[in-house]
>>> print(open('my_file.cif').read())   # mmCIF, C-alpha atoms
data_my_file
#
loop_
_atom_site.group_PDB
_atom_site.id
_atom_site.type_symbol
_atom_site.label_atom_id
_atom_site.label_comp_id
_atom_site.auth_asym_id
_atom_site.auth_seq_id
_atom_site.Cartn_x
_atom_site.Cartn_y
_atom_site.Cartn_z
ATOM 1 C CA MET A 1 9.176 -1.829 -37.004
ATOM 2 C CA PRO A 2 8.672 -1.719 -40.786
ATOM 3 C CA SER A 3 5.120 -2.081 -41.981
ATOM 4 C CA ARG A 4 4.264 -5.061 -44.151
ATOM 5 C CA LYS A 5 2.059 -4.645 -47.144
ATOM 6 C CA SER A 6 -0.996 -6.760 -46.428
ATOM 7 C CA SER A 7 -3.090 -8.389 -49.059
ATOM 8 C CA ARG A 8 -6.435 -6.743 -49.660
ATOM 9 C CA PRO A 9 -9.664 -8.080 -51.064
ATOM 10 C CA GLU A 10 -10.246 -7.482 -54.744
ATOM 11 C CA GLN A 11 -13.528 -7.501 -56.551
ATOM 12 C CA LEU A 12 -13.309 -11.150 -57.598
ATOM 13 C CA GLY A 13 -11.658 -12.572 -54.514
ATOM 14 C CA LEU A 14 -8.554 -12.301 -52.413
ATOM 15 C CA ASP A 15 -5.291 -11.296 -54.017
ATOM 16 C CA TRP A 16 -2.592 -13.067 -52.031
ATOM 17 C CA PRO A 17 1.070 -12.093 -52.305
ATOM 18 C CA GLU A 18 2.890 -14.117 -54.922
ATOM 19 C CA PRO A 19 5.401 -16.600 -53.458
ATOM 20 C CA PRO A 20 9.015 -16.185 -54.534
ATOM 21 C CA ARG A 21 9.924 -18.080 -57.689
ATOM 22 C CA THR A 22 13.114 -19.822 -58.532
ATOM 23 C CA ARG A 23 15.510 -18.267 -60.971
ATOM 24 C CA GLY A 24 14.621 -18.937 -64.599
ATOM 25 C CA ALA A 25 11.168 -20.288 -63.782
ATOM 26 C CA PRO A 26 8.251 -18.813 -65.714
ATOM 27 C CA PRO A 27 6.081 -16.355 -63.785
ATOM 28 C CA ARG A 28 3.204 -17.913 -61.903
ATOM 29 C CA ARG A 29 -0.334 -17.020 -62.852
ATOM 30 C CA ARG A 30 -2.422 -15.491 -60.125
ATOM 31 C CA VAL A 31 -5.486 -17.489 -59.276
ATOM 32 C CA ARG A 32 -8.517 -15.607 -58.085
ATOM 33 C CA ALA A 33 -11.456 -17.033 -56.246
ATOM 34 C CA LEU A 34 -14.728 -16.968 -58.126
ATOM 35 C CA PRO A 35 -17.225 -14.378 -56.954
ATOM 36 C CA ALA A 36 -19.787 -15.583 -54.469
ATOM 37 C CA LEU A 37 -22.965 -16.220 -56.416
ATOM 38 C CA VAL A 38 -25.633 -14.541 -54.311
ATOM 39 C CA ALA A 39 -29.153 -14.335 -55.682
ATOM 40 C CA GLY A 40 -31.590 -11.644 -54.629
ATOM 41 C CA VAL A 41 -35.292 -12.538 -54.710
ATOM 42 C CA ASP A 42 -38.439 -10.410 -54.472
ATOM 43 C CA GLU A 43 -42.061 -10.546 -55.556
ATOM 44 C CA ALA A 44 -44.758 -8.293 -56.968
ATOM 45 C CA GLY A 45 -48.503 -8.718 -57.004
ATOM 46 C CA ARG A 46 -49.341 -9.807 -53.470
ATOM 47 C CA GLY A 47 -51.575 -6.797 -52.910
ATOM 48 C CA PRO A 48 -53.808 -6.876 -56.008
ATOM 49 C CA LEU A 49 -56.888 -9.065 -55.970
ATOM 50 C CA ALA A 50 -56.520 -10.273 -59.558
ATOM 51 C CA GLY A 51 -53.789 -11.868 -61.612
ATOM 52 C CA PRO A 52 -50.689 -13.874 -60.765
ATOM 53 C CA VAL A 53 -48.032 -13.182 -58.176
ATOM 54 C CA VAL A 54 -44.654 -12.668 -59.862
ATOM 55 C CA ALA A 55 -41.230 -13.371 -58.364
ATOM 56 C CA ALA A 56 -37.800 -12.601 -59.760
ATOM 57 C CA ALA A 57 -34.333 -13.885 -58.869
ATOM 58 C CA VAL A 58 -31.192 -11.994 -59.892
ATOM 59 C CA ILE A 59 -27.471 -12.679 -59.592
ATOM 60 C CA LEU A 60 -25.663 -9.411 -60.266
ATOM 61 C CA ASP A 61 -22.218 -9.143 -61.847
ATOM 62 C CA GLU A 62 -19.808 -7.374 -59.482
ATOM 63 C CA LEU A 63 -17.831 -6.119 -62.483
ATOM 64 C CA GLN A 64 -20.854 -4.478 -64.130
ATOM 65 C CA PRO A 65 -22.693 -2.574 -61.401
ATOM 66 C CA VAL A 66 -26.172 -1.240 -62.092
ATOM 67 C CA ARG A 67 -26.466 2.334 -60.833
ATOM 68 C CA GLY A 68 -29.676 3.641 -59.307
ATOM 69 C CA LEU A 69 -31.071 0.403 -57.902
ATOM 70 C CA ALA A 70 -33.774 0.928 -55.285
ATOM 71 C CA ASP A 71 -37.031 -0.562 -54.092
ATOM 72 C CA SER A 72 -39.286 -0.689 -57.153
ATOM 73 C CA LYS A 73 -42.089 1.050 -55.250
ATOM 74 C CA THR A 74 -39.960 4.196 -54.952
ATOM 75 C CA LEU A 75 -39.162 4.454 -58.686
ATOM 76 C CA THR A 76 -41.216 5.902 -61.525
ATOM 77 C CA ALA A 77 -42.524 3.520 -64.174
ATOM 78 C CA ALA A 78 -40.135 5.018 -66.744
ATOM 79 C CA ARG A 79 -37.134 4.593 -64.427
ATOM 80 C CA ARG A 80 -38.124 0.983 -63.661
ATOM 81 C CA GLU A 81 -38.322 0.232 -67.404
ATOM 82 C CA ARG A 82 -34.828 1.651 -68.018
ATOM 83 C CA LEU A 83 -33.394 -0.281 -65.078
ATOM 84 C CA TYR A 84 -35.194 -3.462 -66.185
ATOM 85 C CA HIS A 85 -33.278 -3.447 -69.473
ATOM 86 C CA GLU A 86 -29.977 -2.564 -67.798
ATOM 87 C CA ILE A 87 -30.374 -5.322 -65.191
ATOM 88 C CA CYS A 88 -31.146 -7.908 -67.879
ATOM 89 C CA ALA A 89 -28.102 -6.780 -69.892
ATOM 90 C CA LYS A 90 -25.598 -6.660 -67.010
ATOM 91 C CA ALA A 91 -26.653 -9.369 -64.540
ATOM 92 C CA LEU A 92 -24.960 -12.760 -64.591
ATOM 93 C CA CYS A 93 -28.424 -14.300 -64.761
ATOM 94 C CA VAL A 94 -32.053 -13.491 -64.087
ATOM 95 C CA SER A 95 -35.223 -15.526 -63.779
ATOM 96 C CA ILE A 96 -38.856 -14.458 -63.532
ATOM 97 C CA ALA A 97 -41.600 -16.850 -62.446
ATOM 98 C CA GLU A 98 -45.284 -16.709 -61.606
ATOM 99 C CA ALA A 99 -47.888 -18.401 -59.482
ATOM 100 C CA SER A 100 -51.280 -18.217 -61.175
ATOM 101 C CA ALA A 101 -54.514 -16.846 -59.741
ATOM 102 C CA GLU A 102 -55.737 -20.448 -59.531
ATOM 103 C CA GLU A 103 -52.665 -21.425 -57.481
ATOM 104 C CA ILE A 104 -53.253 -18.422 -55.220
ATOM 105 C CA ASP A 105 -56.864 -19.534 -54.642
ATOM 106 C CA ARG A 106 -55.816 -23.134 -54.009
ATOM 107 C CA LEU A 107 -52.741 -22.513 -51.820
ATOM 108 C CA ASN A 108 -53.264 -18.998 -50.339
ATOM 109 C CA ILE A 109 -51.296 -15.874 -51.259
ATOM 110 C CA LEU A 110 -48.315 -16.577 -48.977
ATOM 111 C CA GLN A 111 -47.755 -20.133 -50.204
ATOM 112 C CA ALA A 112 -48.251 -19.059 -53.832
ATOM 113 C CA THR A 113 -45.667 -16.291 -53.343
ATOM 114 C CA LEU A 114 -43.160 -18.766 -51.902
ATOM 115 C CA LEU A 115 -43.876 -21.106 -54.822
ATOM 116 C CA ALA A 116 -43.189 -18.319 -57.350
ATOM 117 C CA MET A 117 -39.939 -17.468 -55.529
ATOM 118 C CA GLN A 118 -38.890 -21.117 -55.557
ATOM 119 C CA ARG A 119 -39.594 -21.309 -59.294
ATOM 120 C CA ALA A 120 -37.611 -18.113 -59.930
ATOM 121 C CA VAL A 121 -34.526 -19.431 -58.102
ATOM 122 C CA GLN A 122 -34.788 -22.817 -59.820
ATOM 123 C CA GLY A 123 -34.973 -21.015 -63.172
ATOM 124 C CA LEU A 124 -31.560 -19.367 -62.767
ATOM 125 C CA ARG A 125 -28.995 -20.797 -65.196
ATOM 126 C CA LEU A 126 -26.315 -20.494 -62.470
ATOM 127 C CA ALA A 127 -26.828 -22.122 -59.080
ATOM 128 C CA PRO A 128 -26.438 -19.505 -56.350
ATOM 129 C CA LYS A 129 -24.379 -20.275 -53.254
ATOM 130 C CA GLN A 130 -26.772 -18.194 -51.149
ATOM 131 C CA VAL A 131 -30.208 -16.661 -51.653
ATOM 132 C CA LEU A 132 -31.362 -13.416 -50.023
ATOM 133 C CA VAL A 133 -35.136 -12.927 -49.986
ATOM 134 C CA ASP A 134 -36.984 -9.697 -49.250
ATOM 135 C CA GLY A 135 -39.311 -10.053 -46.277
ATOM 136 C CA ASN A 136 -39.566 -12.376 -43.308
ATOM 137 C CA ARG A 137 -40.488 -15.671 -45.015
ATOM 138 C CA VAL A 138 -38.357 -17.782 -47.318
ATOM 139 C CA PRO A 139 -39.128 -20.511 -49.857
ATOM 140 C CA ALA A 140 -37.886 -24.077 -49.431
ATOM 141 C CA LEU A 141 -34.613 -24.267 -51.366
ATOM 142 C CA THR A 142 -31.630 -26.609 -51.543
ATOM 143 C CA MET A 143 -29.099 -23.841 -50.845
ATOM 144 C CA PRO A 144 -28.734 -21.474 -47.871
ATOM 145 C CA VAL A 145 -31.493 -18.863 -47.856
ATOM 146 C CA GLN A 146 -31.916 -15.809 -45.649
ATOM 147 C CA ALA A 147 -34.833 -13.439 -45.154
ATOM 148 C CA VAL A 148 -33.924 -9.740 -45.240
ATOM 149 C CA VAL A 149 -36.665 -7.436 -43.985
ATOM 150 C CA GLY A 150 -36.515 -4.277 -46.105
ATOM 151 C CA GLY A 151 -34.015 -5.975 -48.426
ATOM 152 C CA ASP A 152 -35.539 -4.359 -51.508
ATOM 153 C CA ALA A 153 -34.177 -1.042 -50.223
ATOM 154 C CA THR A 154 -30.827 -2.272 -48.855
ATOM 155 C CA VAL A 155 -29.535 -5.211 -50.930
ATOM 156 C CA ALA A 156 -28.704 -4.486 -54.587
ATOM 157 C CA ALA A 157 -29.630 -7.953 -55.890
ATOM 158 C CA ILE A 158 -32.992 -7.828 -54.093
ATOM 159 C CA SER A 159 -33.625 -4.317 -55.455
ATOM 160 C CA ALA A 160 -32.915 -5.624 -58.947
ATOM 161 C CA ALA A 161 -35.308 -8.545 -58.405
ATOM 162 C CA SER A 162 -37.935 -6.123 -57.103
ATOM 163 C CA ILE A 163 -37.682 -4.078 -60.306
ATOM 164 C CA LEU A 164 -37.866 -7.109 -62.615
ATOM 165 C CA ALA A 165 -40.880 -8.554 -60.794
ATOM 166 C CA LYS A 166 -42.733 -5.222 -60.754
ATOM 167 C CA VAL A 167 -42.126 -4.444 -64.441
ATOM 168 C CA HIS A 168 -43.118 -7.975 -65.470
ATOM 169 C CA ARG A 169 -46.299 -7.798 -63.357
ATOM 170 C CA ASP A 170 -47.178 -4.352 -64.752
ATOM 171 C CA ARG A 171 -46.742 -5.662 -68.306
ATOM 172 C CA LEU A 172 -49.057 -8.602 -67.555
ATOM 173 C CA CYS A 173 -51.716 -6.223 -66.260
ATOM 174 C CA LEU A 174 -51.543 -4.161 -69.474
ATOM 175 C CA GLU A 175 -52.231 -7.210 -71.665
#
>>> encode(input="my_file.cif", output="structure tokens")
Amino acid sequence: MPSRKSSRPEQLGLDWPEPPRTRGAPPRRRVRALPALVAGVDEAGRGPLAGPVVAAAVILDELQPVRGLADSKTLTAARRERLYHEICAKALCVSIAEASAEEIDRLNILQATLLAMQRAVQGLRLAPKQVLVDGNRVPALTMPVQAVVGGDATVAAISAASILAKVHRDRLCLE
């Protein structure tokens, strides 16, 4: 039995075989599905006793991968700085938000963290179809959201968010 060439996923969606066209008709344009807009979210600053908690949300561009992404805690400060600039340059969109020390005192650290995450996602200029959050708690959002324990080490978009949040928090502490 002859094997049939099956369609295979491409980076931006599925590439289906082109249907036959009638003689003399112009070639049909291939239509590709848009990439799934998945935002990764992480925070920095839950451990320290002073200052705000910072959260970042990142939607990466599949066509411009960022090499070397990892949990921000495993990277040197210099490496985080380099990746921070590369993420901002290559990502489809990024957003960084804070919950102040006063909000932490009023709400508690967990609720303030979820508030900062919610603000970060709402600050994205593109609306994600799904949100992946590092940890076991998720903020209240209008789109599907999933907690990923250890996501900062396993999900690229969460790793990117981890780096942005950590660098932003470190810069605040230096001021």
>>> closest_residue(input="my_file.cif", among="A:Ala44, A:Val94, A:Ala56, A:Leu115", to="Ala127 of chain A", atoms="all atoms listed in the file")
A:Val94
>>> residues_around(input="my_file.cif", residues="His168 of chain A", least_positions_apart="4", cutoff="9 Å", atoms="all atoms listed in the file", output="ChimeraX atom specification")
/A:44,54,96,163-164,172-173
>>> atom_distance(input="my_file.cif", atom1="atom CA of Ser159 of chain A", atom2="atom CA of Ala50 of chain A")
24.0 Å
>>> closest_residue(input="my_file.cif", among="A:Ala161, A:Ala116, A:Ala140, A:Val145", to="Val53 of chain A", atoms="all atoms listed in the file")
A:Ala116
>>> atom_distance(input="my_file.cif", atom1="atom CA of Lys129 of chain A", atom2="atom CA of Ile104 of chain A")
29.0 Å
>>> closest_residue(input="my_file.cif", among="A:Ala120, A:Ala101, A:Ile87, A:Ala78", to="Ala160 of chain A", atoms="only C-alpha atoms")
A:Ile87
>>> residues_around(input="my_file.cif", residues="Asp71 of chain A", least_positions_apart="5", cutoff="9 Å", atoms="all atoms listed in the file", output="list in words")
Gly150, Gly151, Asp152, Ala153, Thr154, Ile158, Ser159, Ala160, Ser162 and Ile163 of chain A
>>> atom_distance(input="my_file.cif", atom1="atom CA of Val58 of chain A", atom2="atom CA of Ala157 of chain A")
5.9 Å
>>> resolve_selection(input="my_file.cif", expression="the PyMOL selection byres ((chain A and resi 110) around 12)", output="list of chain:residue names")
A:Glu43, A:Gly45, A:Arg46, A:Gly47, A:Val53, A:Ala99, A:Glu103, A:Ile104, A:Asp105, A:Arg106, A:Leu107, A:Asn108, A:Ile109, A:Gln111, A:Ala112, A:Thr113, A:Leu114, A:Leu115, A:Ala116, A:Met117, A:Gly135, A:Asn136, A:Arg137, A:Val138, A:Pro139
>>> closest_residue(input="my_file.cif", among="A:Val155, A:Leu126, A:Val167, A:Met143", to="Val41 of chain A", atoms="only C-alpha atoms")
A:Val155
>>> residues_around(input="my_file.cif", residues="Pro144 of chain A", least_positions_apart="5", cutoff="10 Å", atoms="all atoms listed in the file", output="mmCIF file with C-alpha atoms, in the frame of the given file")
data_model
loop_
_atom_site.group_PDB
_atom_site.id
_atom_site.type_symbol
_atom_site.label_atom_id
_atom_site.label_comp_id
_atom_site.auth_asym_id
_atom_site.auth_seq_id
_atom_site.Cartn_x
_atom_site.Cartn_y
_atom_site.Cartn_z
ATOM 1 C CA VAL A 38 -25.633 -14.541 -54.311
ATOM 2 C CA PRO A 128 -26.438 -19.505 -56.350
ATOM 3 C CA LYS A 129 -24.379 -20.275 -53.254
ATOM 4 C CA GLN A 130 -26.772 -18.194 -51.149
ATOM 5 C CA VAL A 131 -30.208 -16.661 -51.653
ATOM 6 C CA LEU A 132 -31.362 -13.416 -50.023
#
>>> closest_residue(input="my_file.cif", among="A:Lys90, A:Asp170, A:Asp134, A:Val121", to="Leu63 of chain A", atoms="all atoms listed in the file")
A:Lys90
>>> resolve_selection(input="my_file.cif", expression="the PyMOL selection byres ((chain A and resi 93) around 9)", output="PyMOL selection string")
chain A and resi 57-61+88+90-92+94-95+124-126
>>> closest_residue(input="my_file.cif", among="A:Arg79, A:Ala36, A:Ala165, A:Glu175", to="Glu62 of chain A", atoms="only C-alpha atoms")
A:Ala36
>>> decode(input="my_file.cif", residues="segment 153-165 of chain A", atoms="C-alpha atoms", output="PDB file, in the first residue's frame")
ATOM      1  CA  ALA A 153      12.167  25.917  35.145  1.00  0.00           C
ATOM      2  CA  THR A 154      10.027  24.082  32.564  1.00  0.00           C
ATOM      3  CA  VAL A 155       7.888  26.565  30.594  1.00  0.00           C
ATOM      4  CA  ALA A 156       9.762  29.103  28.441  1.00  0.00           C
ATOM      5  CA  ALA A 157       7.196  31.902  28.819  1.00  0.00           C
ATOM      6  CA  ILE A 158       7.168  31.486  32.610  1.00  0.00           C
ATOM      7  CA  SER A 159      10.986  31.474  32.669  1.00  0.00           C
ATOM      8  CA  ALA A 160      10.952  34.718  30.698  1.00  0.00           C
ATOM      9  CA  ALA A 161       8.438  36.239  33.128  1.00  0.00           C
ATOM     10  CA  SER A 162      10.588  35.080  36.043  1.00  0.00           C
ATOM     11  CA  ILE A 163      13.596  36.909  34.592  1.00  0.00           C
ATOM     12  CA  LEU A 164      11.684  40.136  33.901  1.00  0.00           C
ATOM     13  CA  ALA A 165      10.152  40.201  37.385  1.00  0.00           C
TER      14      ALA A 165
END
